[in-house]
Each structure stands twice: as C-alpha cells, then as structure tokens.
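Student: For reference, the file upload-v6.cif (mmCIF, C-alpha atoms) is included below:
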data_model
loop_
_atom_site.label_atom_id
_atom_site.label_comp_id
_atom_site.auth_asym_id
_atom_site.auth_seq_id
_atom_site.Cartn_x
_atom_site.Cartn_y
_atom_site.Cartn_z
CA MET A 1 81.91 69.33 109.87
CA LYS A 2 84.61 71.00 107.73
CA TYR A 3 87.12 73.49 108.98
CA LYS A 4 88.90 76.00 106.88
CA LEU A 5 92.41 76.88 107.95
CA ASP A 6 93.52 80.41 107.36
CA ILE A 7 97.27 80.21 106.84
CA GLU A 8 99.16 83.44 106.49
CA ASP A 9 101.83 83.63 103.86
CA SER A 10 105.14 83.93 105.71
CA SER A 11 106.95 85.53 102.78
CA PRO A 12 107.41 89.28 102.98
CA ASP A 13 105.27 91.68 101.04
CA PHE A 14 107.37 92.78 98.07
CA GLU A 15 104.71 95.31 97.00
CA SER A 16 106.72 98.48 97.71
CA MET A 17 110.05 96.93 96.71
CA ALA A 18 111.95 96.57 93.49
CA PHE A 19 114.87 94.21 92.92
CA LEU A 20 117.64 94.74 90.39
CA LEU A 21 120.28 92.06 89.87
CA PHE A 22 123.50 93.37 88.33
CA HIS A 23 125.51 90.66 86.59
CA THR A 24 129.05 91.89 87.18
CA ASP A 25 132.20 90.92 88.99
CA MET A 26 133.29 94.55 89.26
CA PRO A 27 134.64 95.28 92.78
CA ASN A 28 131.75 96.38 94.98
CA TYR A 29 133.39 99.65 96.11
CA ALA A 30 133.90 100.77 92.49
CA PHE A 31 130.42 99.64 91.47
CA VAL A 32 128.85 101.53 94.40
CA ASP A 33 130.82 104.66 93.53
CA ASP A 34 129.47 104.54 89.97
CA LEU A 35 125.88 103.96 91.15
CA ASN A 36 126.18 106.85 93.60
CA ARG A 37 127.33 109.19 90.82
CA LEU A 38 124.78 107.90 88.29
CA TYR A 39 121.69 108.16 90.49
CA SER A 40 122.58 110.78 93.13
CA MET A 41 122.68 108.23 95.91
CA SER A 42 124.97 107.92 98.90
CA LEU A 43 125.28 104.18 99.37
CA GLU A 44 127.59 103.48 102.32
CA ARG A 45 129.24 100.27 103.46
CA VAL A 46 127.78 98.89 106.68
CA ASP A 47 128.40 95.67 108.59
CA ASP A 48 128.19 92.54 106.46
CA VAL A 49 125.05 90.44 106.68
CA GLN A 50 125.35 86.84 107.84
CA LEU A 51 123.44 84.62 105.39
CA ALA A 52 123.92 80.99 104.36
CA GLU A 53 126.99 80.67 106.59
CA ALA A 54 128.77 83.51 104.80
CA GLU A 55 129.33 87.24 105.17
CA TRP A 56 127.50 89.21 102.44
CA PRO A 57 128.86 92.74 101.79
CA LEU A 58 126.12 95.32 102.32
CA TYR A 59 125.69 99.00 101.40
CA THR A 60 122.70 101.12 102.41
CA TYR A 61 121.27 104.56 101.72
CA HIS A 62 118.17 106.27 103.11
CA ASP A 63 116.77 109.03 100.91
CA GLU A 64 114.85 111.20 103.36
CA LEU A 65 113.57 113.55 100.66
CA ARG A 66 112.02 110.88 98.43
CA LEU A 67 111.30 108.43 101.29
CA LYS A 68 113.23 105.53 99.77
CA ASN A 69 115.66 103.03 101.20
CA TYR A 70 118.33 101.42 99.04
CA TYR A 71 120.23 98.25 99.89
CA LEU A 72 123.02 96.81 97.76
CA ILE A 73 124.16 93.32 98.68
CA GLU A 74 126.77 91.20 96.94
CA ARG A 75 126.94 87.42 96.76
CA PRO A 76 130.23 86.54 98.48
CA LEU A 77 133.08 84.52 97.02
CA SER A 78 132.90 82.01 99.86
CA LEU A 79 129.63 80.44 98.64
CA ASP A 80 129.53 77.51 96.29
CA LYS A 81 129.01 78.07 92.59
CA SER A 82 125.80 76.07 92.31
CA ALA A 83 123.39 79.02 92.31
CA THR A 84 121.45 79.40 89.10
CA THR A 85 120.32 83.02 88.96
CA TRP A 86 122.63 84.88 91.31
CA ASN A 87 126.29 84.05 90.80
CA ILE A 88 129.33 84.96 92.86
CA GLY A 89 130.13 88.67 92.69
CA HIS A 90 126.74 89.68 91.33
CA LYS A 91 125.06 92.52 93.15
CA LEU A 92 121.42 92.97 94.16
CA LEU A 93 119.96 96.44 94.56
CA ILE A 94 116.78 96.55 96.64
CA ILE A 95 114.75 99.73 96.37
CA ASN A 96 112.09 100.14 99.04
CA GLY A 97 109.41 102.83 98.99
CA ASP A 98 106.53 104.14 96.91
CA GLU A 99 107.14 104.06 93.16
CA SER A 100 110.30 101.99 93.57
CA GLY A 101 109.29 100.10 90.42
CA SER A 102 109.59 103.21 88.25
CA ILE A 103 113.11 103.89 89.57
CA ALA A 104 114.08 100.29 88.89
CA GLU A 105 112.66 100.48 85.35
CA ARG A 106 114.62 103.68 84.66
CA ILE A 107 117.87 102.08 85.81
CA THR A 108 117.15 98.93 83.80
CA ASN A 109 116.39 100.95 80.68
CA GLU A 110 119.63 102.94 80.98
CA PHE A 111 121.67 99.76 81.41
CA ASN A 112 119.95 98.15 78.41
CA VAL A 113 119.86 101.09 75.99
CA LEU A 114 122.55 103.76 76.07
CA PRO A 115 120.99 107.24 76.23
CA GLN A 116 121.92 109.91 73.71
CA LEU A 117 125.18 111.79 74.17
CA PRO A 118 124.37 115.07 75.94
CA ASP A 119 125.72 118.46 74.95
CA ALA A 120 129.39 118.98 75.83
CA ASP A 121 128.52 121.82 78.21
CA ASP A 122 126.28 119.51 80.30
CA LEU A 123 129.07 118.17 82.51
CA LEU A 124 126.84 116.03 84.75
CA GLY A 125 125.10 114.60 81.70
CA VAL A 126 128.44 113.77 80.09
CA GLU A 127 129.65 112.09 83.29
CA HIS A 128 126.39 110.09 83.46
CA TYR A 129 126.81 109.07 79.82
CA ASP A 130 130.49 108.09 80.30
CA ILE A 131 129.71 105.87 83.30
CA LEU A 132 126.89 104.14 81.40
CA CYS A 133 129.17 103.72 78.35
CA ASN A 134 131.69 101.97 80.58
CA PHE A 135 128.99 99.60 81.87
CA HIS A 136 127.84 98.91 78.30
CA GLN A 137 131.41 98.28 77.09
CA ASN A 138 132.04 95.89 79.99
CA PHE A 139 128.71 94.16 79.25
CA THR A 140 127.05 94.72 82.61
CA PRO A 141 123.48 93.50 82.19
CA VAL A 142 120.84 94.12 84.81
CA THR A 143 117.78 92.00 85.49
CA LEU A 144 114.62 93.50 86.92
CA ILE A 145 113.25 90.75 89.13
CA ASP A 146 109.48 90.63 88.72
CA PHE A 147 107.62 87.73 90.28
CA GLU A 148 104.23 88.82 88.94
CA ASN A 149 105.04 88.69 85.23
CA ASP A 150 106.76 85.33 84.97
CA THR A 151 104.02 83.25 83.40
CA ASN A 152 104.68 80.31 81.09
CA LEU A 153 107.79 79.20 82.95
CA SER A 154 109.21 75.73 82.56
CA ARG A 155 109.53 73.47 85.58
CA LYS A 156 113.18 74.46 85.85
CA GLY A 157 112.21 78.14 85.57
CA ILE A 158 109.61 77.77 88.32
CA LYS A 159 112.15 76.03 90.54
CA GLU A 160 114.73 78.79 89.95
CA ARG A 161 112.14 81.50 90.57
CA ASN A 162 111.05 79.88 93.84
CA GLU A 163 114.69 79.51 94.93
CA LEU A 164 115.35 83.18 94.18
CA GLN A 165 112.14 84.25 95.92
CA ARG A 166 113.13 82.31 99.05
CA LEU A 167 116.59 83.89 98.99
CA LEU A 168 115.12 87.39 98.59
CA SER A 169 112.68 86.70 101.44
CA THR A 170 115.59 85.65 103.63
CA ILE A 171 117.55 88.78 102.70
CA VAL A 172 114.58 91.09 103.26
CA ASN A 173 113.89 89.47 106.64
CA SER A 174 117.58 89.63 107.63
CA LEU A 175 117.79 93.32 106.74
CA ASP A 176 114.51 93.93 108.56
CA ILE A 177 113.19 95.98 105.66
CA GLY A 178 109.92 97.56 106.63
CA SER A 179 108.03 100.63 105.60
CA VAL A 180 109.91 103.79 104.76
CA GLU A 181 109.34 106.81 106.97
#
Could the structure of this file be written out as structure tokens, please?
Tutor:
Amino acid sequence: MKYKLDIEDSSPDFESMAFLLFHTDMPNYAFVDDLNRLYSMSLERVDDVQLAEAEWPLYTYHDELRLKNYYLIERPLSLDKSATTWNIGHKLLIINGDESGSIAERITNEFNVLPQLPDADDLLGVEHYDILCNFHQNFTPVTLIDFENDTNLSRKGIKERNELQRLLSTIVNSLDIGSVE
C-alpha cells in the first residue's frame, strides 16, 4: 500500500507582496525622507528587528486609504560581507496589499528611466523630478525581486535566489506580515 504525504509549504505566500531592493549606502533616514516625498508615504522608524544576531533598522507605513502596508528594512553594518544579493546598507521595501506589483513596477521604472522634466509651475512635479535626478546621479539602482520570472538560472543563480527567498521568508515571518485591512 502506498501513502501520499501532503506537506504544506512553510514559506509565506508572497502573492500580495512586492519586494524592491535599493542598492545604496545612503543613510536610511535621508533615504526614507526622499521616498516619503516621492510617493506620498509616511514611513516611520519603529523598533529594530532582531534577525541573524543583528538589529535591522525598520520603517513602516500603513496606508488606510489604499489598504497597503509598507516596510523598509536595511541590512545592518554588523553583518558579515558574504551576502551575494543584499549587501550592507542596502534597503528592502516590502509592499503588501492588492496591486502591490504595479506600485513596485512604477517605482522601478522611475528609478531606471528618468521621467520628463515637468513644467516649472508644477512645484510637486519639479520636486519629484529633482529627487529622482539625485538618485540617478548617485547611481541608485533598484531591483524588483520576482521569484516567478527567474527561469534559466545557473546553479549559482538558483542558490542565490533560494538564499534570498529564505531571507525574505524570515523577514516576512519576523514582521508578522499578514493581510491588509
């Protein structure tokens, strides 16, 4: 007689989440201020998260109108430098809620291609443009982490992806990210 074991996947469901990895060593308070002004957020510093025997700086924002939660976490200086994808000082923005992928794509597009200069009388548009110009001049790339579209990876690529996925699962579990209400 054969038995079939039904084993549940212990990794969290990333379906309603988007992950953006900002490759920058800009101080987190200045980076958060720029993100808040760029995308009308109100990320606030909260207690650090204890992960991998280190304190990880954390900022959060709950958008009650759009039913989204935002979490910005920075890899601390106290960790070793052996990580492959996420280096010291880099920041991860987690967007949780319906259509979080479209918000992440918009942010990625603006960091990759500078939008057109707005009219001079559009003060918010000019401020938005100036902040993005500063990020472009300081070469601040952003990576949209997408585990579904990473086919044809090398063995090293698969290993790095799995390592990053485990780290993100640990972060999501530590932050107790659930559904947005």
Student: Choose the residue, out of A:Phe14, A:Phe139, A:Phe147, A:Phe31, that has the smallest atom-to-atom separation from Asn173 in chain A; count only C-alpha atoms.
Tutor: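 Ranked by minimum distance to Asn173 in chain A, first place goes to A:Phe14.
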Student: List the residues selected by the PyMOL selection byres ((chain A and resi 45) around 7) in the file shown, writing them as a list in words.
Tutor: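 Taken on the displayed file, the PyMOL selection byres ((chain A and resi 45) around 7) yields the residues Leu43, Glu44, Val46, Asp47, Leu58, Tyr59 and Thr60 of chain A.
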Student: So, with all atoms listed in the file as the atoms that count, which of A:Glu64, A:Glu99, A:Asp25, A:Glu53 lies closest to Asn87 in chain A?
Tutor: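 Smallest separation from Asn87 in chain A among the options: A:Asp25.
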Student: Just checking: using all atoms listed in the file, which residue out of A:Asn112, A:Gln137, A:Ser154, A:Asn96 ends up closest to Val172 in chain A?
Tutor: A:Asn96
Student: Counting all atoms listed in the file, which residue out of A:Glu148, A:Thr170, A:Phe111, A:Leu72 sits closest to Cys133 in chain A?
Tutor: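 Nearest candidate to Cys133 in chain A out of A:Glu148, A:Thr170, A:Phe111, A:Leu72: A:Phe111.
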Student: Select, counting all atoms listed in the file, all protein, DNA and RNA residues no farther than 7 Å from (116.9, 97.7, 92.9) in file coordinates, and express the selection as a list in words.
Tutor: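 Returned residue set, sorted by chain then number, is Ala18, Phe19, Leu20, Leu92, Leu93, Ile94, Ile95 and Ala104 of chain A.
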